[in-house]
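The next block is protein-v1.cif, given as mmCIF, C-alpha atoms.
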```cif
data_run
#
loop_
_atom_site.group_PDB
_atom_site.id
_atom_site.type_symbol
_atom_site.label_atom_id
_atom_site.label_comp_id
_atom_site.auth_asym_id
_atom_site.auth_seq_id
_atom_site.Cartn_x
_atom_site.Cartn_y
_atom_site.Cartn_z
ATOM 1 C CA MET T 5 104.957 88.835 68.721
ATOM 2 C CA ILE T 6 106.864 91.373 70.822
ATOM 3 C CA GLN T 7 108.701 93.955 68.732
ATOM 4 C CA ILE T 8 112.378 94.774 69.324
ATOM 5 C CA LEU T 9 112.982 98.454 68.573
ATOM 6 C CA ASN T 10 116.388 100.004 67.929
ATOM 7 C CA TYR T 11 116.595 103.221 69.955
ATOM 8 C CA ARG T 12 119.710 104.307 68.072
ATOM 9 C CA ASP T 13 117.508 104.953 65.033
ATOM 10 C CA PHE T 14 115.823 107.685 67.045
ATOM 11 C CA ILE T 15 118.613 109.357 69.009
ATOM 12 C CA SER T 16 121.085 109.308 66.100
ATOM 13 C CA GLY T 17 118.619 111.027 63.803
ATOM 14 C CA LYS T 18 118.988 108.135 61.360
ATOM 15 C CA ASN T 19 115.286 107.298 61.297
ATOM 16 C CA PRO T 20 113.391 109.097 64.080
ATOM 17 C CA ASP T 21 110.043 108.976 62.297
ATOM 18 C CA GLY T 22 110.370 105.253 61.638
ATOM 19 C CA PHE T 23 111.246 104.558 65.258
ATOM 20 C CA ALA T 24 108.348 106.692 66.499
ATOM 21 C CA ALA T 25 105.941 104.841 64.218
ATOM 22 C CA GLU T 26 107.214 101.451 65.435
ATOM 23 C CA LEU T 27 106.959 102.533 69.069
ATOM 24 C CA GLY T 28 103.440 103.820 68.462
ATOM 25 C CA SER T 29 102.465 100.548 66.806
ATOM 26 C CA ALA T 30 103.740 98.555 69.786
ATOM 27 C CA CYS T 31 101.935 100.854 72.217
ATOM 28 C CA ARG T 32 98.664 100.538 70.323
ATOM 29 C CA ARG T 33 98.824 96.818 69.731
ATOM 30 C CA GLU T 34 99.926 95.206 73.008
ATOM 31 C CA GLY T 35 101.445 97.986 75.081
ATOM 32 C CA VAL T 36 104.840 96.309 75.449
ATOM 33 C CA CYS T 37 108.073 96.088 73.446
ATOM 34 C CA LEU T 38 111.797 95.498 73.857
ATOM 35 C CA LEU T 39 114.369 98.245 73.329
ATOM 36 C CA SER T 40 117.845 97.594 71.985
ATOM 37 C CA ASP T 41 120.794 99.993 71.539
ATOM 38 C CA HIS T 42 119.447 102.113 74.375
ATOM 39 C CA GLY T 43 122.849 103.533 75.228
ATOM 40 C CA ILE T 44 122.946 102.493 78.898
ATOM 41 C CA PRO T 45 126.478 101.204 79.682
ATOM 42 C CA ARG T 46 126.607 97.439 80.149
ATOM 43 C CA GLY T 47 128.766 97.856 83.215
ATOM 44 C CA LEU T 48 126.124 100.015 84.867
ATOM 45 C CA LEU T 49 123.397 97.488 84.092
ATOM 46 C CA ARG T 50 125.514 94.765 85.653
ATOM 47 C CA ASP T 51 126.246 96.912 88.704
ATOM 48 C CA VAL T 52 122.561 97.735 89.239
ATOM 49 C CA LEU T 53 121.584 94.076 89.515
ATOM 50 C CA GLY T 54 124.670 93.230 91.540
ATOM 51 C CA GLU T 55 124.122 96.007 94.085
ATOM 52 C CA ALA T 56 120.420 95.162 94.268
ATOM 53 C CA ASN T 57 121.216 91.541 95.114
ATOM 54 C CA ALA T 58 123.733 92.646 97.735
ATOM 55 C CA PHE T 59 121.117 94.869 99.369
ATOM 56 C CA PHE T 60 118.402 92.213 99.445
ATOM 57 C CA ALA T 61 120.892 89.769 100.977
ATOM 58 C CA LEU T 62 121.327 92.035 104.016
ATOM 59 C CA PRO T 63 119.811 90.912 107.330
ATOM 60 C CA GLU T 64 116.272 92.175 107.846
ATOM 61 C CA ALA T 65 117.446 94.189 110.854
ATOM 62 C CA GLU T 66 119.585 96.341 108.540
ATOM 63 C CA LYS T 67 116.759 96.917 106.066
ATOM 64 C CA ALA T 68 113.961 97.503 108.582
ATOM 65 C CA PRO T 69 114.882 101.170 109.332
ATOM 66 C CA LEU T 70 114.273 101.867 105.631
ATOM 67 C CA ASP T 71 110.705 100.481 105.707
ATOM 68 C CA ILE T 72 108.588 102.117 102.998
ATOM 69 C CA ARG T 73 105.696 102.352 105.442
ATOM 70 C CA HIS T 74 107.653 105.081 107.246
ATOM 71 C CA SER T 75 107.501 107.197 104.068
ATOM 72 C CA ASN T 76 104.510 108.910 102.483
ATOM 73 C CA CYS T 77 106.545 109.504 99.317
ATOM 74 C CA ASN T 78 107.027 105.962 97.982
ATOM 75 C CA ARG T 79 110.629 105.556 99.103
ATOM 76 C CA GLY T 80 112.362 102.731 100.915
ATOM 77 C CA TRP T 81 112.237 98.990 101.503
ATOM 78 C CA ALA T 82 109.070 96.891 101.284
ATOM 79 C CA GLY T 83 109.603 93.542 102.946
ATOM 80 C CA PRO T 84 107.871 90.291 101.973
ATOM 81 C CA GLY T 85 104.110 90.632 102.354
ATOM 82 C CA VAL T 86 104.041 94.441 102.400
ATOM 83 C CA GLU T 87 103.022 94.682 98.755
ATOM 84 C CA ARG T 88 99.597 93.112 98.679
ATOM 85 C CA ALA T 89 98.589 93.699 95.044
ATOM 86 C CA GLY T 90 99.083 90.789 92.680
ATOM 87 C CA GLY T 91 99.073 87.851 95.074
ATOM 88 C CA GLN T 92 97.108 84.679 94.391
ATOM 89 C CA GLY T 93 93.755 84.795 96.196
ATOM 90 C CA GLY T 94 94.652 88.093 97.815
ATOM 91 C CA VAL T 95 97.688 86.614 99.591
ATOM 92 C CA PRO T 96 100.483 89.229 99.798
ATOM 93 C CA LEU T 97 103.450 88.723 97.500
ATOM 94 C CA ARG T 98 106.583 87.047 98.850
ATOM 95 C CA LYS T 99 108.857 89.440 97.012
ATOM 96 C CA GLU T 100 110.602 92.438 98.550
ATOM 97 C CA SER T 101 111.452 95.733 96.894
ATOM 98 C CA PHE T 102 113.349 98.982 97.343
ATOM 99 C CA SER T 103 112.113 102.265 95.836
ATOM 100 C CA ILE T 104 114.096 105.384 94.953
ATOM 101 C CA GLY T 105 112.714 108.698 93.734
ATOM 102 C CA LEU T 106 114.038 112.069 92.637
ATOM 103 C CA ASP T 107 117.015 112.576 94.957
ATOM 104 C CA LEU T 108 116.378 115.684 97.070
ATOM 105 C CA ARG T 109 118.054 117.165 100.132
ATOM 106 C CA PRO T 110 116.087 117.528 103.383
ATOM 107 C CA ASP T 111 116.316 121.328 103.054
ATOM 108 C CA ASP T 112 115.049 121.399 99.463
ATOM 109 C CA PRO T 113 112.224 123.993 99.223
ATOM 110 C CA ARG T 114 109.906 121.382 97.696
ATOM 111 C CA VAL T 115 110.491 119.075 100.625
ATOM 112 C CA LEU T 116 110.022 121.840 103.182
ATOM 113 C CA ALA T 117 106.803 122.910 101.462
ATOM 114 C CA GLY T 118 105.420 119.374 101.726
ATOM 115 C CA GLU T 119 104.871 118.966 97.987
ATOM 116 C CA PRO T 120 103.506 115.507 97.064
ATOM 117 C CA PHE T 121 106.156 112.815 96.569
ATOM 118 C CA ARG T 122 108.994 115.225 97.385
ATOM 119 C CA ALA T 123 111.371 113.768 99.976
ATOM 120 C CA PRO T 124 114.957 112.639 100.492
ATOM 121 C CA ASN T 125 115.615 109.064 99.508
ATOM 122 C CA LEU T 126 116.107 106.456 102.214
ATOM 123 C CA TRP T 127 119.545 104.986 101.623
ATOM 124 C CA PRO T 128 121.420 102.013 103.090
ATOM 125 C CA GLU T 129 124.919 102.669 104.424
ATOM 126 C CA ASP T 130 126.605 101.273 101.304
ATOM 127 C CA GLU T 131 127.903 104.289 99.343
ATOM 128 C CA LEU T 132 128.506 102.230 96.208
ATOM 129 C CA PHE T 133 124.823 101.260 96.215
ATOM 130 C CA ARG T 134 123.883 104.950 96.353
ATOM 131 C CA ASP T 135 126.258 105.941 93.557
ATOM 132 C CA VAL T 136 125.143 103.146 91.232
ATOM 133 C CA MET T 137 121.436 103.780 91.764
ATOM 134 C CA ARG T 138 121.782 107.546 91.371
ATOM 135 C CA ASP T 139 123.636 107.031 88.087
ATOM 136 C CA TYR T 140 121.082 104.521 86.853
ATOM 137 C CA TYR T 141 118.154 106.738 87.850
ATOM 138 C CA LYS T 142 119.680 109.578 85.818
ATOM 139 C CA GLU T 143 120.182 107.319 82.793
ATOM 140 C CA MET T 144 116.637 105.965 83.002
ATOM 141 C CA LEU T 145 115.145 109.437 83.322
ATOM 142 C CA GLY T 146 116.982 110.534 80.194
ATOM 143 C CA LEU T 147 115.825 107.441 78.327
ATOM 144 C CA GLY T 148 112.231 107.895 79.477
ATOM 145 C CA ARG T 149 112.170 111.519 78.372
ATOM 146 C CA GLY T 150 113.591 110.496 75.008
ATOM 147 C CA LEU T 151 110.884 107.884 74.532
ATOM 148 C CA MET T 152 108.233 110.492 75.335
ATOM 149 C CA ARG T 153 109.653 112.653 72.527
ATOM 150 C CA ALA T 154 109.120 109.692 70.214
ATOM 151 C CA VAL T 155 105.565 109.393 71.532
ATOM 152 C CA GLU T 156 105.004 113.049 70.578
ATOM 153 C CA ARG T 157 106.045 112.278 67.004
ATOM 154 C CA ASP T 158 103.787 109.272 66.785
ATOM 155 C CA LEU T 159 100.784 111.197 68.111
ATOM 156 C CA ASP T 160 101.424 114.257 65.906
ATOM 157 C CA MET T 161 101.807 116.443 68.977
ATOM 158 C CA PRO T 162 104.000 119.567 68.958
ATOM 159 C CA GLN T 163 107.651 118.906 69.697
ATOM 160 C CA GLY T 164 108.262 119.329 73.410
ATOM 161 C CA PHE T 165 104.598 118.900 74.359
ATOM 162 C CA PHE T 166 105.360 116.434 77.161
ATOM 163 C CA GLN T 167 108.521 118.165 78.351
ATOM 164 C CA PRO T 168 106.810 120.333 81.018
ATOM 165 C CA HIS T 169 105.183 117.212 82.470
ATOM 166 C CA PHE T 170 108.516 115.451 83.078
ATOM 167 C CA SER T 171 110.776 118.290 84.209
ATOM 168 C CA GLU T 172 110.751 117.081 87.846
ATOM 169 C CA PRO T 173 108.722 113.894 87.674
ATOM 170 C CA MET T 174 107.548 111.502 90.353
ATOM 171 C CA ALA T 175 109.581 108.826 88.582
ATOM 172 C CA THR T 176 110.498 105.839 90.736
ATOM 173 C CA LEU T 177 113.258 103.275 90.388
ATOM 174 C CA ARG T 178 112.075 100.128 92.121
ATOM 175 C CA LEU T 179 114.357 97.186 92.658
ATOM 176 C CA SER T 180 112.609 93.911 93.428
ATOM 177 C CA HIS T 181 113.666 90.448 94.497
ATOM 178 C CA THR T 182 111.518 87.307 94.434
ATOM 179 C CA PRO T 183 112.866 84.138 96.059
ATOM 180 C CA SER T 184 112.868 80.887 94.148
ATOM 181 C CA ASP T 185 109.849 78.609 94.295
ATOM 182 C CA PRO T 186 110.809 75.369 92.523
ATOM 183 C CA ALA T 187 107.758 73.620 93.990
ATOM 184 C CA ALA T 188 105.389 75.742 91.916
ATOM 185 C CA PRO T 189 106.922 76.203 88.465
ATOM 186 C CA ASP T 190 104.779 77.942 85.878
ATOM 187 C CA GLN T 191 101.975 78.558 88.377
ATOM 188 C CA PRO T 192 100.952 82.223 88.162
ATOM 189 C CA LEU T 193 101.024 84.337 91.276
ATOM 190 C CA SER T 194 97.598 85.555 90.214
ATOM 191 C CA GLU T 195 95.227 85.378 87.283
ATOM 192 C CA VAL T 196 94.431 89.040 87.898
ATOM 193 C CA PRO T 197 96.668 91.214 85.703
ATOM 194 C CA GLN T 198 98.741 94.055 87.086
ATOM 195 C CA PHE T 199 98.985 97.468 85.449
ATOM 196 C CA ASP T 200 101.667 100.090 85.879
ATOM 197 C CA TYR T 201 100.446 103.509 86.940
ATOM 198 C CA GLY T 202 102.639 106.014 85.103
ATOM 199 C CA ALA T 203 103.405 106.876 81.502
ATOM 200 C CA LEU T 204 106.071 104.308 80.634
ATOM 201 C CA THR T 205 107.838 101.592 82.616
ATOM 202 C CA ILE T 206 111.360 100.515 81.653
ATOM 203 C CA VAL T 207 112.385 97.153 83.087
ATOM 204 C CA LEU T 208 115.878 95.696 83.421
ATOM 205 C CA THR T 209 115.736 91.933 83.931
ATOM 206 C CA ASP T 210 118.276 89.369 85.115
ATOM 207 C CA GLY T 211 117.393 86.702 82.546
ATOM 208 C CA VAL T 212 115.461 84.425 84.926
ATOM 209 C CA GLY T 213 112.226 85.030 83.022
ATOM 210 C CA GLY T 214 108.651 84.583 84.139
ATOM 211 C CA ILE T 215 107.209 87.952 83.101
ATOM 212 C CA GLN T 216 104.035 87.572 81.065
ATOM 213 C CA PHE T 217 101.566 89.919 79.401
ATOM 214 C CA ARG T 218 97.974 89.285 78.445
ATOM 215 C CA SER T 219 97.448 89.749 74.738
ATOM 216 C CA ARG T 220 94.409 91.387 73.211
ATOM 217 C CA SER T 221 93.140 87.895 72.446
ATOM 218 C CA GLY T 222 93.146 87.182 76.194
ATOM 219 C CA GLU T 223 96.073 84.748 76.236
ATOM 220 C CA TRP T 224 98.987 85.016 78.649
ATOM 221 C CA GLN T 225 102.279 85.127 76.743
ATOM 222 C CA ASP T 226 105.892 85.238 77.886
ATOM 223 C CA ILE T 227 107.821 88.450 77.363
ATOM 224 C CA PRO T 228 111.171 87.337 75.956
ATOM 225 C CA GLU T 229 114.357 88.497 77.662
ATOM 226 C CA GLU T 230 116.846 89.302 74.924
ATOM 227 C CA PRO T 231 120.450 90.167 75.867
ATOM 228 C CA ASP T 232 121.239 93.900 76.042
ATOM 229 C CA THR T 233 117.603 94.955 75.833
ATOM 230 C CA VAL T 234 115.156 96.460 78.302
ATOM 231 C CA MET T 235 111.390 96.008 78.402
ATOM 232 C CA VAL T 236 109.138 99.009 77.826
ATOM 233 C CA MET T 237 105.512 98.914 78.985
ATOM 234 C CA VAL T 238 102.720 101.453 78.615
ATOM 235 C CA GLY T 239 101.198 102.592 81.915
ATOM 236 C CA GLU T 240 97.778 103.895 82.823
ATOM 237 C CA VAL T 241 98.717 107.581 82.679
ATOM 238 C CA LEU T 242 99.802 107.340 79.043
ATOM 239 C CA MET T 243 96.694 105.291 78.264
ATOM 240 C CA ARG T 244 94.580 108.098 79.722
ATOM 241 C CA TRP T 245 96.509 110.777 77.845
ATOM 242 C CA THR T 246 95.916 108.930 74.581
ATOM 243 C CA ASN T 247 92.253 108.292 75.434
ATOM 244 C CA GLY T 248 92.799 104.546 75.232
ATOM 245 C CA LEU T 249 94.645 104.634 71.903
ATOM 246 C CA TYR T 250 97.708 103.271 73.660
ATOM 247 C CA ARG T 251 97.135 100.127 75.676
ATOM 248 C CA ALA T 252 98.279 99.881 79.285
ATOM 249 C CA ALA T 253 100.016 96.493 79.298
ATOM 250 C CA PRO T 254 98.336 93.892 81.561
ATOM 251 C CA HIS T 255 101.084 91.719 83.023
ATOM 252 C CA ARG T 256 101.924 89.253 85.771
ATOM 253 C CA LEU T 257 104.908 87.360 87.210
ATOM 254 C CA LEU T 258 105.356 83.612 87.510
ATOM 255 C CA PRO T 259 107.062 82.239 90.636
ATOM 256 C CA PRO T 260 110.707 81.790 89.605
ATOM 257 C CA ALA T 261 112.534 78.477 89.773
ATOM 258 C CA GLU T 262 115.573 80.495 90.872
ATOM 259 C CA PRO T 263 115.709 83.911 92.563
ATOM 260 C CA ARG T 264 114.680 86.786 90.287
ATOM 261 C CA THR T 265 115.858 90.395 90.563
ATOM 262 C CA LEU T 266 114.392 93.226 88.500
ATOM 263 C CA ALA T 267 114.999 96.968 88.247
ATOM 264 C CA ALA T 268 111.864 98.762 87.035
ATOM 265 C CA PHE T 269 111.807 102.484 86.306
ATOM 266 C CA TYR T 270 108.316 103.984 86.508
ATOM 267 C CA LEU T 271 108.057 107.277 84.616
ATOM 268 C CA ASP T 272 105.288 109.185 86.377
ATOM 269 C CA PRO T 273 104.712 112.874 85.515
ATOM 270 C CA ASN T 274 105.261 115.927 87.699
ATOM 271 C CA PRO T 275 102.924 115.985 90.727
ATOM 272 C CA ASP T 276 100.791 118.880 89.460
ATOM 273 C CA SER T 277 100.473 117.633 85.882
ATOM 274 C CA VAL T 278 96.846 117.247 84.866
ATOM 275 C CA VAL T 279 96.334 114.053 82.896
ATOM 276 C CA ALA T 280 93.440 114.232 80.446
ATOM 277 C CA PRO T 281 92.906 113.013 76.871
ATOM 278 C CA LEU T 282 95.076 115.006 74.465
ATOM 279 C CA PRO T 283 93.453 117.760 72.392
ATOM 280 C CA ASN T 284 93.639 115.741 69.174
ATOM 281 C CA MET T 285 91.822 112.742 70.648
ATOM 282 C CA VAL T 286 88.218 112.132 69.661
ATOM 283 C CA GLY T 287 85.853 111.776 72.614
ATOM 284 C CA GLN T 288 86.779 111.880 76.291
ATOM 285 C CA LYS T 289 86.912 108.427 77.888
ATOM 286 C CA TYR T 290 88.778 109.565 80.997
ATOM 287 C CA PRO T 291 88.146 112.566 83.257
ATOM 288 C CA PRO T 292 91.071 114.874 84.088
ATOM 289 C CA VAL T 293 93.083 113.859 87.133
ATOM 290 C CA ARG T 294 96.055 115.398 88.934
ATOM 291 C CA ALA T 295 99.038 113.082 88.567
ATOM 292 C CA ALA T 296 99.928 113.111 92.289
ATOM 293 C CA ASP T 297 96.364 112.251 93.272
ATOM 294 C CA TYR T 298 96.230 109.385 90.797
ATOM 295 C CA LEU T 299 99.557 107.931 91.950
ATOM 296 C CA ARG T 300 98.581 108.209 95.618
ATOM 297 C CA ALA T 301 95.324 106.352 95.031
ATOM 298 C CA ARG T 302 97.030 103.559 93.100
ATOM 299 C CA LEU T 303 99.806 103.155 95.695
ATOM 300 C CA ASP T 304 97.248 102.976 98.488
ATOM 301 C CA ASP T 305 95.795 99.957 96.682
ATOM 302 C CA THR T 306 99.238 98.363 96.411
ATOM 303 C CA TYR T 307 100.758 98.449 99.885
ATOM 304 C CA ALA T 308 99.416 96.996 103.095
#
```

Take the structure from the file and write it as structure tokens.
Amino acid sequence: MIQILNYRDFISGKNPDGFAAELGSACRREGVCLLSDHGIPRGLLRDVLGEANAFFALPEAEKAPLDIRHSNCNRGWAGPGVERAGGQGGVPLRKESFSIGLDLRPDDPRVLAGEPFRAPNLWPEDELFRDVMRDYYKEMLGLGRGLMRAVERDLDMPQGFFQPHFSEPMATLRLSHTPSDPAAPDQPLSEVPQFDYGALTIVLTDGVGGIQFRSRSGEWQDIPEEPDTVMVMVGEVLMRWTNGLYRAAPHRLLPPAEPRTLAAFYLDPNPDSVVAPLPNMVGQKYPPVRAADYLRARLDDTYA
């Protein structure tokens, strides 16, 4: 059963240790939970999905100049078939997506120096779209950092241990849209599970459903979509940091009977962060890896 955790218990100081323990339990057991009372304004959540749908409804000619294949920093629009990971029998996915990273100016020193995953975002002409997504990115980054503070408590790490790793992270907000497929209800896109690459993924859904995770018993189970909650999934980076104590959540999407739009925030660390099992972990299951190198390798597997 998927746990629903009340984030207010943590940020209000009412029961931070209890929340951290519940989050840790969810991360150990299945690697996925739902988060309520997260503090993100309902109006902003509604605007994110609305602006995403408006963007995906644009003619392809207006989206093509923003093609993610023009970027080496994981920014822009991926049309149907560009994302090859997760399709049935290796067939590229029909969905399209739009990715946004840390918003930098072209003359930012990090951009000029060619640092990994440092670039201006590729924006459509719609200024409202830009404003909404910038606001949402900021909210999600704050929420992700807060959840990592709870992770510190659960793992008995010093307060602020993860802070240097998420000061200027490679975090990505990815909007996605999958067209309806009423001819194939409940048929999985693939039996092969997907894994997220970063520390935590926070997913805003539109209520259409069809997101499943594979339990430790090997069964595919639906992730419920409760009103006013967001999904939280453990990614591979946090699994490596915890030496496998936390479980990266294997998941997949079913073809939707009606169009599905999601907004997923992937909390990846700073580019130069070295990800290795934490000092208080017994044994070393994973070798150290630079966060930018790990993300680059995983993205190369994802996009055609």

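Of the residues listed (T:Asp135, T:Ile104, T:Phe121, T:Leu145), T:Phe121 shows the shortest atom-to-atom separation from Arg300 of chain T; distances use all atoms listed in the file.
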
Could you give me, as a ChimeraX atom specification, the residues that have an atom at most 12 Å away from the point (114.3, 91.2, 97.0) in the coordinates of the file, using all atoms listed in the file? /T:53-64,67,81-85,87,97-103,178-184,263-267

Per residue of segment 231-250 of chain T within 10 Å of segment 6-27 of chain T, record the nearest atom pair and its distance in Å to one decimal, counting all atoms listed in the file, with rows in chain order and ascending residue number, as JSON lines.
```
{"residue": "T:Thr233", "atom": "CA", "partner": "T:Ile8", "partner_atom": "CA", "distance": 8.3}
{"residue": "T:Val234", "atom": "CA", "partner": "T:Ile8", "partner_atom": "CA", "distance": 9.5}
{"residue": "T:Met235", "atom": "CA", "partner": "T:Ile8", "partner_atom": "CA", "distance": 9.2}
{"residue": "T:Val236", "atom": "CA", "partner": "T:Leu27", "partner_atom": "CA", "distance": 9.7}
```

Atoms kept (C-alpha atoms) for selection, written as a PDB file, keeping the file's coordinate frame:
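Writing done, so here's selection_33.pdb:
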```pdb
ATOM      1  CA  THR T 233     117.603  94.955  75.833  1.00  0.00           C
ATOM      2  CA  VAL T 234     115.156  96.460  78.302  1.00  0.00           C
ATOM      3  CA  MET T 235     111.390  96.008  78.402  1.00  0.00           C
ATOM      4  CA  VAL T 236     109.138  99.009  77.826  1.00  0.00           C
TER       5      VAL T 236
END
```

Can you pull out every residue within 9 Å of Thr205 of chain T, counting all atoms listed in the file, but drop anything in the same chain fewer than 3 positions away, and send it as an MDAnalysis selection string? chainID T and resid 148 200:202 235:239 268:272

Translate the PyMOL selection byres ((chain T and resi 241) around 12) into a concrete residue list for this structure, as a ChimeraX atom specification. /T:169,199-205,237-240,242-253,270-274,277-282,290-299,302

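Across the model, the gap from atom CA of Val212 of chain T to atom CA of Gly47 of chain T is 19.0 Å.
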
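Distances from T:Pro231, T:Tyr141, T:Asn78, T:Ala154 to Asp210 of chain T were compared using all atoms listed in the file, and the smallest one belongs to T:Pro231.
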
Report, in Å to a single decimal, how far apart atom CA of Arg73 of chain T and atom CA of Ile215 of chain T are. 26.6 Å

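Using all atoms listed in the file, the nearest neighbour of Asp130 of chain T within the list T:Glu66, T:Gly80, T:Lys142, T:Gly214 is T:Glu66.
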
List as JSON lines every residue of segment 82-191 of chain T that is in contact with segment 30-37 of chain T, defined as an atom at most 12 Å from one of its atoms (using only C-alpha atoms), together with the nearest atom pair and the distance in Å rounded to one decimal, sorted by chain and then rising number.
```
{"residue": "T:Leu151", "atom": "CA", "partner": "T:Cys31", "partner_atom": "CA", "distance": 11.6}
{"residue": "T:Met152", "atom": "CA", "partner": "T:Cys31", "partner_atom": "CA", "distance": 11.9}
{"residue": "T:Ala154", "atom": "CA", "partner": "T:Cys31", "partner_atom": "CA", "distance": 11.6}
{"residue": "T:Val155", "atom": "CA", "partner": "T:Cys31", "partner_atom": "CA", "distance": 9.3}
{"residue": "T:Asp158", "atom": "CA", "partner": "T:Cys31", "partner_atom": "CA", "distance": 10.2}
{"residue": "T:Leu159", "atom": "CA", "partner": "T:Arg32", "partner_atom": "CA", "distance": 11.1}
```

Which residue is closest to Met285 of chain T? Choose from T:Val86, T:Met161, T:Leu108, T:Val136 and count all atoms listed in the file. T:Met161

Atom CA of Asn76 of chain T sits from atom CA of Tyr140 of chain T at a separation of 23.2 Å
